[in-house]
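Structure below is my_file36.pdb: PDB, C-alpha atoms, pLDDT in the B column.
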```
ATOM      1  CA  MET E 236     -32.631  42.043 -42.164  1.00 54.00           C
ATOM      2  CA  ARG E 237     -35.323  39.397 -42.048  1.00 65.00           C
ATOM      3  CA  ASN E 238     -38.763  39.976 -40.565  1.00 78.00           C
ATOM      4  CA  VAL E 239     -38.890  38.430 -37.083  1.00 79.00           C
ATOM      5  CA  VAL E 240     -42.238  37.247 -35.707  1.00 80.00           C
ATOM      6  CA  LEU E 241     -42.354  36.535 -31.973  1.00 85.00           C
ATOM      7  CA  ILE E 242     -44.980  34.756 -29.909  1.00 83.00           C
ATOM      8  CA  ILE E 243     -46.542  36.717 -27.038  1.00 89.00           C
ATOM      9  CA  ALA E 244     -44.122  35.521 -24.326  1.00 87.00           C
ATOM     10  CA  GLU E 245     -41.098  36.272 -26.510  1.00 88.00           C
ATOM     11  CA  GLN E 246     -42.527  39.678 -27.434  1.00 91.00           C
ATOM     12  CA  ASP E 247     -43.019  40.532 -23.733  1.00 91.00           C
ATOM     13  CA  ARG E 248     -39.427  39.541 -22.974  1.00 90.00           C
ATOM     14  CA  TYR E 249     -38.148  41.592 -25.903  1.00 92.00           C
ATOM     15  CA  THR E 250     -40.129  44.692 -24.873  1.00 92.00           C
ATOM     16  CA  ILE E 251     -38.995  44.567 -21.249  1.00 92.00           C
ATOM     17  CA  ILE E 252     -35.319  44.058 -22.143  1.00 93.00           C
ATOM     18  CA  LYS E 253     -35.504  46.824 -24.761  1.00 93.00           C
ATOM     19  CA  ASN E 254     -36.907  49.237 -22.155  1.00 92.00           C
ATOM     20  CA  LEU E 255     -34.311  48.079 -19.633  1.00 92.00           C
ATOM     21  CA  VAL E 256     -31.446  48.836 -22.039  1.00 92.00           C
ATOM     22  CA  ASN E 257     -32.869  52.173 -23.220  1.00 93.00           C
ATOM     23  CA  ASN E 258     -33.896  53.498 -19.788  1.00 92.00           C
ATOM     24  CA  ASN E 259     -31.244  51.822 -17.608  1.00 88.00           C
ATOM     25  CA  GLY E 260     -33.841  50.189 -15.332  1.00 86.00           C
ATOM     26  CA  SER E 261     -33.538  47.728 -12.467  1.00 89.00           C
ATOM     27  CA  LYS E 262     -32.190  44.326 -13.478  1.00 91.00           C
ATOM     28  CA  ARG E 263     -33.203  42.772 -10.165  1.00 93.00           C
ATOM     29  CA  ARG E 264     -36.841  43.887 -10.567  1.00 91.00           C
ATOM     30  CA  ASP E 265     -37.008  42.483 -14.094  1.00 89.00           C
ATOM     31  CA  ALA E 266     -35.414  39.214 -12.956  1.00 91.00           C
ATOM     32  CA  ILE E 267     -38.173  38.828 -10.383  1.00 91.00           C
ATOM     33  CA  LYS E 268     -40.786  39.697 -13.027  1.00 87.00           C
ATOM     34  CA  PHE E 269     -39.439  36.965 -15.354  1.00 86.00           C
ATOM     35  CA  GLY E 270     -38.880  34.480 -12.541  1.00 91.00           C
ATOM     36  CA  CYS E 271     -35.210  34.058 -13.438  1.00 90.00           C
ATOM     37  CA  SER E 272     -31.795  35.113 -12.163  1.00 93.00           C
ATOM     38  CA  GLU E 273     -29.992  38.395 -12.762  1.00 94.00           C
ATOM     39  CA  ARG E 274     -27.422  36.388 -14.733  1.00 95.00           C
ATOM     40  CA  THR E 275     -30.142  35.510 -17.236  1.00 93.00           C
ATOM     41  CA  ILE E 276     -31.090  39.188 -17.539  1.00 93.00           C
ATOM     42  CA  TYR E 277     -27.466  40.008 -18.380  1.00 94.00           C
ATOM     43  CA  ARG E 278     -27.534  37.232 -21.011  1.00 94.00           C
ATOM     44  CA  TYR E 279     -30.749  38.670 -22.509  1.00 93.00           C
ATOM     45  CA  ILE E 280     -29.178  42.149 -22.619  1.00 94.00           C
ATOM     46  CA  SER E 281     -26.018  40.944 -24.358  1.00 95.00           C
ATOM     47  CA  GLY E 282     -28.080  38.910 -26.849  1.00 94.00           C
ATOM     48  CA  TYR E 283     -30.320  41.904 -27.525  1.00 93.00           C
ATOM     49  CA  LYS E 284     -27.294  44.098 -28.206  1.00 94.00           C
ATOM     50  CA  ALA E 285     -25.700  41.481 -30.492  1.00 94.00           C
ATOM     51  CA  LYS E 286     -28.690  40.172 -32.492  1.00 91.00           C
ATOM     52  CA  GLY E 287     -31.600  42.480 -31.680  1.00 90.00           C
ATOM     53  CA  LYS E 288     -35.114  41.114 -31.869  1.00 90.00           C
ATOM     54  CA  ALA E 289     -33.991  37.851 -33.507  1.00 89.00           C
ATOM     55  CA  PHE E 290     -32.289  36.763 -30.266  1.00 91.00           C
ATOM     56  CA  PHE E 291     -35.665  36.254 -28.565  1.00 89.00           C
ATOM     57  CA  CYS E 292     -37.076  33.992 -31.285  1.00 86.00           C
ATOM     58  CA  HIS E 293     -36.726  30.310 -30.398  1.00 79.00           C
ATOM     59  CA  GLY E 294     -34.543  28.380 -32.834  1.00 75.00           C
ATOM     60  CA  ASN E 295     -37.193  25.733 -33.525  1.00 76.00           C
ATOM     61  CA  HIS E 296     -39.954  28.304 -33.879  1.00 73.00           C
ATOM     62  CA  LYS E 297     -41.522  27.425 -37.259  1.00 74.00           C
ATOM     63  CA  HIS E 298     -40.801  23.698 -37.357  1.00 79.00           C
ATOM     64  CA  LYS E 299     -43.356  20.954 -36.919  1.00 81.00           C
ATOM     65  CA  PRO E 300     -42.780  18.675 -33.890  1.00 81.00           C
ATOM     66  CA  ALA E 301     -41.097  15.351 -34.693  1.00 81.00           C
ATOM     67  CA  THR E 302     -43.697  13.425 -32.687  1.00 83.00           C
ATOM     68  CA  ILE E 303     -46.743  14.744 -34.561  1.00 81.00           C
ATOM     69  CA  LEU E 304     -49.019  12.061 -35.997  1.00 78.00           C
ATOM     70  CA  GLU E 305     -49.900  12.307 -39.669  1.00 72.00           C
ATOM     71  CA  SER E 306     -53.576  11.908 -40.530  1.00 66.00           C
ATOM     72  CA  ILE E 307     -54.615   8.359 -41.402  1.00 59.00           C
ATOM     73  CA  ARG E 308     -55.895   7.978 -44.965  1.00 55.00           C
TER      74      ARG E 308
END
```
Structure encoded using structure tokens:
Amino acid sequence: MRNVVLIIAEQDRYTIIKNLVNNNGSKRRDAIKFGCSERTIYRYISGYKAKGKAFFCHGNHKHKPATILESIR
């Protein structure tokens, strides 16, 4: 398995969902904490169970933006 590095927001999401799955916590409370719907919490839980920590890493995580300006030489 590859080493997954998450930014702070992704790491917070991962930790909360991990605790929710392990301790069977309140999905409604966590939805309010994230500012999202309960449906999204269920999606996070299913993604966590399928892919683990890698689910929370954004797909474009280590790529340079297409609109970045190269330095002028």
With the cut-off set at 10 Å and counting all atoms listed in the file, tabulate each residue of segment 278-304 of chain E with an atom at most that distance from an atom of segment 238-249 of chain E, showing the nearest atom pair and its distance in Å to one decimal, ordered by chain and increasing number, as a tab-separated table.
```
residue	atom	partner	partner_atom	distance
E:Tyr279	CA	E:Tyr249	CA	8.6
E:Ile280	CA	E:Tyr249	CA	9.6
E:Tyr283	CA	E:Tyr249	CA	8.0
E:Gly287	CA	E:Tyr249	CA	8.8
E:Lys288	CA	E:Tyr249	CA	6.7
E:Ala289	CA	E:Val239	CA	6.1
E:Phe290	CA	E:Tyr249	CA	8.8
E:Phe291	CA	E:Glu245	CA	5.8
E:Cys292	CA	E:Leu241	CA	5.9
E:His293	CA	E:Glu245	CA	8.4
E:His296	CA	E:Leu241	CA	8.8
E:Lys297	CA	E:Val240	CA	10.0
```
Next item on the list: Record the distance separating atom CA of Lys286 of chain E and atom CA of Pro300 of chain E, expressed in Å with one decimal.
Entry: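 Those two atoms sit 25.7 Å apart.
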Requested in this report: Grab the atom CA of Gly282 of chain E to atom CA of Lys299 of chain E distance for me, in Å with one decimal place.
Outcome: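 Between atom CA of Gly282 of chain E and atom CA of Lys299 of chain E the gap is 25.6 Å.
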Between E:Ala301, E:Gly294, E:Arg264, E:Ile252, smallest distance to Arg278 of chain E by only C-alpha atoms belongs to E:Ile252
Using Å and a single decimal, report how far atom CA of Ala266 of chain E sits from atom CA of Thr250 of chain E.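 Rounded to one decimal, the two atoms are 13.9 Å apart.
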